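Colleague: I have a structure I would like to understand better, so I am pasting it below and will then ask my questions one at a time.
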There are 4 protein chains.
Amino acid sequence: MQQLTENCLEIIKKRPDHSHKGTFGKTLLIGGNAQYGGAIMMSAEACVNAGAGLTTVACDPVNKTALHARLPEVMIIDWQDEKALKSVFSEADLLLIGPGLGTDKHGSNLLEWVLQHQKESQWLIIDGSAITLMANNRYKLPFPKQTIFTPHEMEWQRLSGLAIKDQKETFNQKVQEVMQAIIVLKSSQTEIYTNEGSFRNISGNPGMATGGMGDTLAGIITAFMAQFDKNIATLNAAVYLHSFIGNELAKENYIVRPTKISERLPYWMKHFEK
Amino acid sequence: MQQLTENCLEIIKKRPDHSHKGTFGKTLLIGGNAQYGGAIMMSAEACVNAGAGLTTVACDPVNKTALHARLPEVMIIDWQDEKALKSVFSEADLLLIGPGLGTDKHGSNLLEWVLQHQKESQWLIIDGSAITLMANNRYKLPFPKQTIFTPHEMEWQRLSGLAIKDQKETFNQKVQEVMQAIIVLKSSQTEIYTNEGSFRNISGNPGMATGGMGDTLAGIITAFMAQFDKNIATLNAAVYLHSFIGNELAKENYIVRPTKISERLPYWMKHFEK
Amino acid sequence: MQQLTENCLEIIKKRPDHSHKGTFGKTLLIGGNAQYGGAIMMSAEACVNAGAGLTTVACDPVNKTALHARLPEVMIIDWQDEKALKSVFSEADLLLIGPGLGTDKHGSNLLEWVLQHQKESQWLIIDGSAITLMANNRYKLPFPKQTIFTPHEMEWQRLSGLAIKDQKETFNQKVQEVMQAIIVLKSSQTEIYTNEGSFRNISGNPGMATGGMGDTLAGIITAFMAQFDKNIATLNAAVYLHSFIGNELAKENYIVRPTKISERLPYWMKHFEK
Amino acid sequence: MQQLTENCLEIIKKRPDHSHKGTFGKTLLIGGNAQYGGAIMMSAEACVNAGAGLTTVACDPVNKTALHARLPEVMIIDWQDEKALKSVFSEADLLLIGPGLGTDKHGSNLLEWVLQHQKESQWLIIDGSAITLMANNRYKLPFPKQTIFTPHEMEWQRLSGLAIKDQKETFNQKVQEVMQAIIVLKSSQTEIYTNEGSFRNISGNPGMATGGMGDTLAGIITAFMAQFDKNIATLNAAVYLHSFIGNELAKENYIVRPTKISERLPYWMKHFEK
């Protein structure tokens, strides 16, 4: 298992001079039910600050005002509005589903809908409650090689069938080989399992152990895959940068609030720009 | 009566390397009716910034958007939704009830419900209008030794029966001995009465005499009891840190806004980390 | 006419050590209809940051969430809820009516109600649309000597009957003598007319000529009269500090946003504390 | 085609000492439907920070709370409320229509209404979906010489009939001559076509290629035309300053969030003040 280092950030290239917002990808983030709206807000903040060209959130409309009060840069659609959803979906380069989605009928309907409509040109990130729904319903992925799961250990247990104590490198890798999707197994030392090998991120710190940290990571991954090459190197950079900034903040903060990581993304991406 | 000093902050230990958000406790904050929503918002901001692993607020839904606009890191449930409340309650390590709760029927129903459902593994903090409700209704505490009251002088008069002029150390201590609960008697020199002795906090300043200061203290206590050892030393540290940060802010501010104290918690907790 | 200087800020005294939020006054701010909600929000931000012990806003409930998202330190009541209004009113030391009140029937009803219920212990500040309503309806003031009007030139024309071109010192003073109330006549050089003489504030700058500046001044006056001696010296200090901070901000800003003045109040009040 | 340089900012004059908010113009911003509310919020933030004397937003009321939570300095009216709209419209010096307006029936109704009611004393800026509506409906401009279009390349294709690959200087200038309106053609090198010649802005950077950048530019133009001379020099300054601040922010940020540009307007306008 290869250990991630700062070198992995070299994929953060200087942006081409002649570009427009479409150059950096259109993203659609689906999540945020009536109870867990904060999750999709944190994903969206990460996604905008990490440089996605355009970010649209599809959520329960109860979350609209709070999200816009924090982040007017996002577009927001009612996730019950299938016409709007279809229109944004068909234009999107990157799809994220799961943060605060919930595991009820509407959540599973949305996940099914996404899996039915995903196009070959689109990458899909499955996070949070959408992982639990995948585990419970055993949905088939249309494009496993361009699907990224971001489970924590309990969600990985549900998805892989591996008890937490059995989540060892060789077992995890084996399950990944069967699934063919990419796995970002979040823990105090996040591991990434792919068809091109596995990677360990020893960066990060216990001040980051607070609600919303995973939602923020999901947003960074979405923005990175939208604007940079869609490959494992880009994914690794997103995972590494998230914990790198967490470490920088932890130098002066006992607790690292996820929204503070998002705030610092533009600065640190500039710092590492090649 | 022992005077609190900076030494009491030594309970702020370096966090264990291998930890996750569950390690630092699940908290449930109940309060915030249609009129006094700001109170529970300030408690929640304090709780998140003081390092609780997970923070859920149960409040009147009219407060949801304002709270999420400030703090997407919290989960919010409608306090009329008993199913959601039961589910979050049963998972919680720390319970806070009272900031902006109100003293109407719904407030007393919630307090009764909490007292009926509290488990031996859970600590309970009773603040604000919940103290008045306790005084008016003479409810019995299921676990007095793991219950903390945070009255100001008028609320303590209601709860203890001691007129403000009679709130002397010996009388207060006597009432505490009967009640067996822990008392944080807030004033310009806050006093803490417990089965293990009494403590005085001479820290603090008159710039802190503004609405919301107590709600913020309640949130810090909740987060400290959730993540550190559940004992008097931890409580003392929470009380001391609140006024310590207030003093730091007062060096450059005539008025200390409660939300500014919450903002500085991560910095000062890092500063004092052992 | 006496010119205000920095000396007038000496009324900002060190706060007494043993104090609580009641020591610094309870304020009630009435305004903010469905269209002009921003005005009362800016008054409230000024009032809290200028050090009022407790601040309650009575407004159209459509403004509740935006106000709480900015300022959880205030309590907010629905201005249609007469029971709540009565309860807060009877406890208040300082009353402000007018910012964003509107000149419709509900606005005039509220103003009438305030004039009927004002107690001898309460000071009243009449701003914005409430001045126009006073002019149109010729209501009688119950306690003119503890009433402060804060008109701009057009509102003063309506209230005094003096055309803007006739608003000279002697004429203004004469009208004030008849009215017996205190007049803060806002312009690029604000003038204050009282039974104890008149004062001119030559501080201020044209970067402050932007919507909301008067609402902010009204909030500062409210907080100052609530916490310091209720007299002309305190009023003068509030007027001077508002433009002093505006000047400080104008050193680095072409436009001075009113909310930025409020943010700096705690700092500059500390700076001038005696 | 003349290249814009820093010299063009010399129109940012020291404000006259004796002035009031009316001196710096009343602006009305129309846009922000239920789905694209963030756009008009960003225009409004730019407009207030760029120094408009008074800013009113007419939008779908679903956006009211989020906008006020960010910016209490604006007034907000429901765009369905024709009486309020008429009243604000008749007082306005500068009109902006389009950011987040949408291309549905209500959007086109509003645009038609504006074109019918525009007075000779008013300048009109047409942005975003209002440009698409102009293209689709071929509405006639009442005052083309005081109308500014701010299309990106695709919108210019719709409006001018020129395919993106044909959008060369001579062709663009020819279309402008026929239309007589002013064209701000946004791209990585924005071009301005007018009856007084054409101008190129080579300032700007690819970190600015993110959603909301154009809405922010529209707000700056509105405020500049409201407070300075209504001419091409003022327009050029607005365009240049927008990208100048973007470049300053890009020195430390890989991505330039539009709202961060608005935040810095007061500082940089002061810096360049003559």
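Labeling convention for the structure tokens: chains A, B, ... as they appear, residues from 1 per chain, ligands from 1 in order of appearance.
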What residues in chain C lie within 12 Å of chain A, counting only C-alpha atoms, written as a ChimeraX atom specification?
Modeller: /C:65-70
Colleague: Could those residues be written to a file, using N, CA, C and O atoms, as a PDB file, in the first residue's frame?
Modeller:
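Everything below was put into out_6.pdb:
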ATOM      1  N   THR C  65     -35.924  35.176  10.644  1.00  0.00           N
ATOM      2  CA  THR C  65     -34.825  34.257  10.346  1.00  0.00           C
ATOM      3  C   THR C  65     -33.561  34.992   9.913  1.00  0.00           C
ATOM      4  O   THR C  65     -32.459  34.670  10.359  1.00  0.00           O
ATOM      5  N   ALA C  66     -33.717  35.998   9.061  1.00  0.00           N
ATOM      6  CA  ALA C  66     -32.522  36.737   8.627  1.00  0.00           C
ATOM      7  C   ALA C  66     -31.858  37.428   9.807  1.00  0.00           C
ATOM      8  O   ALA C  66     -30.628  37.433   9.935  1.00  0.00           O
ATOM      9  N   LEU C  67     -32.658  37.988  10.680  1.00  0.00           N
ATOM     10  CA  LEU C  67     -32.100  38.685  11.836  1.00  0.00           C
ATOM     11  C   LEU C  67     -31.368  37.720  12.765  1.00  0.00           C
ATOM     12  O   LEU C  67     -30.236  37.982  13.193  1.00  0.00           O
ATOM     13  N   HIS C  68     -31.976  36.594  13.055  1.00  0.00           N
ATOM     14  CA  HIS C  68     -31.323  35.614  13.931  1.00  0.00           C
ATOM     15  C   HIS C  68     -30.089  34.992  13.286  1.00  0.00           C
ATOM     16  O   HIS C  68     -29.138  34.620  13.971  1.00  0.00           O
ATOM     17  N   ALA C  69     -30.111  34.859  11.951  1.00  0.00           N
ATOM     18  CA  ALA C  69     -28.922  34.319  11.277  1.00  0.00           C
ATOM     19  C   ALA C  69     -27.731  35.251  11.455  1.00  0.00           C
ATOM     20  O   ALA C  69     -26.581  34.819  11.488  1.00  0.00           O
ATOM     21  N   ARG C  70     -27.994  36.542  11.569  1.00  0.00           N
ATOM     22  CA  ARG C  70     -26.917  37.503  11.775  1.00  0.00           C
ATOM     23  C   ARG C  70     -26.599  37.701  13.242  1.00  0.00           C
ATOM     24  O   ARG C  70     -25.469  37.989  13.603  1.00  0.00           O
TER      25      ARG C  70
END
Colleague: Using only C-alpha atoms, determine which residues lie at most 9 Å from D:Ile131, disregarding the query and same-chain residues fewer than 5 positions distant; provide the list as a PyMOL selection string.
Modeller: chain D and resi 98+126+136+149-151+155-156+158-159
Colleague: Output N, CA and C atoms of each residue in that selection to a file, as a PDB file, in the first residue's frame.
Modeller:
ATOM      1  N   GLY D  98     -32.023  40.908 -14.948  1.00  0.00           N
ATOM      2  CA  GLY D  98     -31.493  39.699 -15.550  1.00  0.00           C
ATOM      3  C   GLY D  98     -30.846  38.646 -14.686  1.00  0.00           C
ATOM      4  N   ILE D 126     -28.846  45.171 -18.962  1.00  0.00           N
ATOM      5  CA  ILE D 126     -29.546  43.912 -19.258  1.00  0.00           C
ATOM      6  C   ILE D 126     -28.532  42.782 -19.221  1.00  0.00           C
ATOM      7  N   ASN D 136     -34.741  36.198 -27.856  1.00  0.00           N
ATOM      8  CA  ASN D 136     -35.880  35.371 -28.287  1.00  0.00           C
ATOM      9  C   ASN D 136     -37.071  36.200 -28.734  1.00  0.00           C
ATOM     10  N   PHE D 149     -25.763  45.976 -22.464  1.00  0.00           N
ATOM     11  CA  PHE D 149     -25.897  44.519 -22.418  1.00  0.00           C
ATOM     12  C   PHE D 149     -24.583  43.916 -21.911  1.00  0.00           C
ATOM     13  N   THR D 150     -24.705  42.886 -21.080  1.00  0.00           N
ATOM     14  CA  THR D 150     -23.497  42.240 -20.551  1.00  0.00           C
ATOM     15  C   THR D 150     -23.505  40.738 -20.851  1.00  0.00           C
ATOM     16  N   PRO D 151     -23.496  40.360 -22.137  1.00  0.00           N
ATOM     17  CA  PRO D 151     -23.573  38.940 -22.498  1.00  0.00           C
ATOM     18  C   PRO D 151     -22.236  38.216 -22.353  1.00  0.00           C
ATOM     19  N   GLU D 155     -24.512  34.028 -24.965  1.00  0.00           N
ATOM     20  CA  GLU D 155     -25.621  34.989 -24.964  1.00  0.00           C
ATOM     21  C   GLU D 155     -25.468  36.009 -26.105  1.00  0.00           C
ATOM     22  N   TRP D 156     -24.234  36.359 -26.396  1.00  0.00           N
ATOM     23  CA  TRP D 156     -23.993  37.297 -27.503  1.00  0.00           C
ATOM     24  C   TRP D 156     -24.338  36.646 -28.842  1.00  0.00           C
ATOM     25  N   ARG D 158     -26.720  34.513 -29.234  1.00  0.00           N
ATOM     26  CA  ARG D 158     -28.182  34.587 -29.324  1.00  0.00           C
ATOM     27  C   ARG D 158     -28.648  36.001 -29.689  1.00  0.00           C
ATOM     28  N   LEU D 159     -28.023  36.985 -29.067  1.00  0.00           N
ATOM     29  CA  LEU D 159     -28.495  38.360 -29.230  1.00  0.00           C
ATOM     30  C   LEU D 159     -28.083  38.939 -30.584  1.00  0.00           C
TER      31      LEU D 159
END
Colleague: Which residues come within 9 Å of B:Thr234, counting only C-alpha atoms, excluding same-chain residues fewer than 5 positions away, as a PyMOL selection string?
Modeller: chain B and resi 8-9+11-12+221+224-225+228-229+239
Colleague: Counting only C-alpha atoms, what is within 7 Å of A:Gly25, bar same-chain residues fewer than 5 positions away, as JSON, numbers by chain?
Modeller: {"A": [52, 53, 54, 93, 226, 227]}
Colleague: So that I have them on file, write out the residues from the current selection with N, CA, C and O atoms, as a short mmCIF file (atom, residue, chain, number, x, y, z; two decimals), in the first residue's frame.
Modeller:
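Saved file part04.cif follows:
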data_model
loop_
_atom_site.label_atom_id
_atom_site.label_comp_id
_atom_site.auth_asym_id
_atom_site.auth_seq_id
_atom_site.Cartn_x
_atom_site.Cartn_y
_atom_site.Cartn_z
N ALA A 52 -14.87 23.96 -8.42
CA ALA A 52 -15.78 23.50 -9.47
C ALA A 52 -16.30 24.71 -10.24
O ALA A 52 -16.59 25.76 -9.65
N GLY A 53 -16.45 24.56 -11.55
CA GLY A 53 -16.91 25.68 -12.37
C GLY A 53 -18.32 26.12 -12.01
O GLY A 53 -18.60 27.31 -11.85
N LEU A 54 -19.20 25.14 -11.89
CA LEU A 54 -20.59 25.42 -11.52
C LEU A 54 -21.05 24.34 -10.54
O LEU A 54 -20.80 23.16 -10.76
N ASP A 93 -21.06 17.09 -15.20
CA ASP A 93 -19.88 16.24 -15.40
C ASP A 93 -19.66 15.32 -14.20
O ASP A 93 -19.19 14.21 -14.34
N ALA A 226 -14.04 17.18 -11.12
CA ALA A 226 -14.71 18.00 -12.14
C ALA A 226 -13.72 18.84 -12.94
O ALA A 226 -13.89 19.06 -14.13
N GLN A 227 -12.69 19.33 -12.28
CA GLN A 227 -11.80 20.28 -12.96
C GLN A 227 -10.47 19.71 -13.40
O GLN A 227 -9.84 20.26 -14.31
#
Colleague: Excluding same-chain residues fewer than 6 positions from A:Ala223, what lies within 12 Å of it counting only C-alpha atoms, as a compact mmCIF listing (two decimals) with C-alpha atoms, in the first residue's frame?
Modeller:
# COMPACT_ATOMS: atom_id res chain seq x y z
CA ILE A 12 -3.10 21.08 -9.06
CA PHE A 24 -13.82 23.51 -14.70
CA GLY A 25 -16.83 21.26 -14.70
CA LYS A 26 -20.47 21.24 -13.82
CA THR A 27 -21.32 19.42 -10.62
CA LEU A 28 -24.60 18.20 -9.19
CA LEU A 29 -24.78 17.45 -5.46
CA SER A 43 -20.33 19.49 0.68
CA ALA A 44 -21.39 22.46 -1.41
CA GLU A 45 -19.10 24.86 0.42
CA ALA A 46 -16.20 22.50 -0.16
CA CYS A 47 -17.10 22.05 -3.82
CA VAL A 48 -17.29 25.78 -4.61
CA ASN A 49 -14.13 26.62 -2.69
CA ALA A 50 -12.24 23.72 -4.29
CA GLY A 51 -12.91 25.23 -7.70
CA ALA A 52 -15.78 23.50 -9.47
CA GLY A 53 -16.91 25.68 -12.37
CA LEU A 54 -20.59 25.42 -11.52
CA THR A 55 -22.23 23.81 -8.50
CA THR A 56 -25.89 22.87 -8.26
CA ALA A 92 -23.42 17.63 -15.17
CA ASP A 93 -19.88 16.24 -15.40
CA LEU A 94 -19.72 15.09 -11.80
CA LEU A 95 -22.44 13.69 -9.58
CA LEU A 96 -22.37 13.40 -5.81
CA TRP A 123 -18.44 10.22 -12.71
CA LEU A 124 -20.45 9.40 -9.62
CA ILE A 125 -19.49 9.78 -5.97
CA THR A 216 -16.57 18.26 3.25
CA LEU A 217 -14.23 15.62 1.84
CA ASP A 229 -8.15 14.72 -14.94
CA LYS A 230 -10.67 12.14 -13.84
CA THR A 234 -6.73 13.48 -8.72
CA LEU A 235 -8.72 11.56 -6.13
CA ALA A 237 -4.84 14.73 -4.16
CA ALA A 238 -8.33 15.59 -2.90
CA VAL A 239 -8.02 13.18 0.03
CA SER A 262 -13.42 24.79 2.98
CA LEU A 265 -9.05 25.64 0.04
CA THR D 210 -16.72 30.31 -11.59
CA ILE D 255 -10.21 30.18 -7.07
Colleague: With only C-alpha atoms as the counted atoms, please give the residues lying no more than 9 Å from D:Asn247, apart from itself and same-chain residues fewer than 6 positions off, as a PyMOL selection string.
Modeller: chain D and resi 203-205+207-208+256
Colleague: Can I get the selection written as a PDB file, in the first residue's frame, with C-alpha atoms?
Modeller:
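And here's result.pdb as it stands now:
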ATOM      1  CA  SER D 203      -6.997  42.014 -17.003  1.00  0.00           C
ATOM      2  CA  GLY D 204      -8.607  39.037 -15.228  1.00  0.00           C
ATOM      3  CA  ASN D 205      -7.515  35.442 -14.601  1.00  0.00           C
ATOM      4  CA  GLY D 207      -9.441  31.617 -11.162  1.00  0.00           C
ATOM      5  CA  MET D 208     -12.405  33.882 -11.854  1.00  0.00           C
ATOM      6  CA  VAL D 256     -11.669  33.672  -6.790  1.00  0.00           C
TER       7      VAL D 256
END
Colleague: Record the distance separating atom CA of D:Ser188 and atom CA of D:Thr222, expressed in Å with one decimal.
Modeller: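 We find that atom CA of D:Ser188 and atom CA of D:Thr222 lie 21.2 Å from each other.
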Colleague: Please provide the set of residues having any atom within 10 Å of A:Asp81, restricted to only C-alpha atoms, with same-chain residues fewer than 5 positions apart removed, written as a PyMOL selection string.
Modeller: chain A and resi 58-59+86
Colleague: So, with only C-alpha atoms as the atoms that count, which of D:Gly246, D:Pro258, D:Pro144, D:Gly100 lies closest to D:Glu120?
Modeller: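 Nearest candidate to D:Glu120 out of D:Gly246, D:Pro258, D:Pro144, D:Gly100: D:Pro144.
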Colleague: Just give me the gap between atom CA of A:Ala84 and atom CA of A:Leu101 in Å, one decimal is fine.
Modeller: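 Going from atom CA of A:Ala84 over to atom CA of A:Leu101, I get 18.0 Å.
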Colleague: Write down as a VMD selection string the residues belonging to stretch 11-173 of chain B that are assigned alpha helix (DSSP H) by DSSP computed on the backbone.
Modeller: chain B and resid 37 to 49 64 to 70 82 to 91 105 to 117 129 to 137 153 to 160 169 to 173
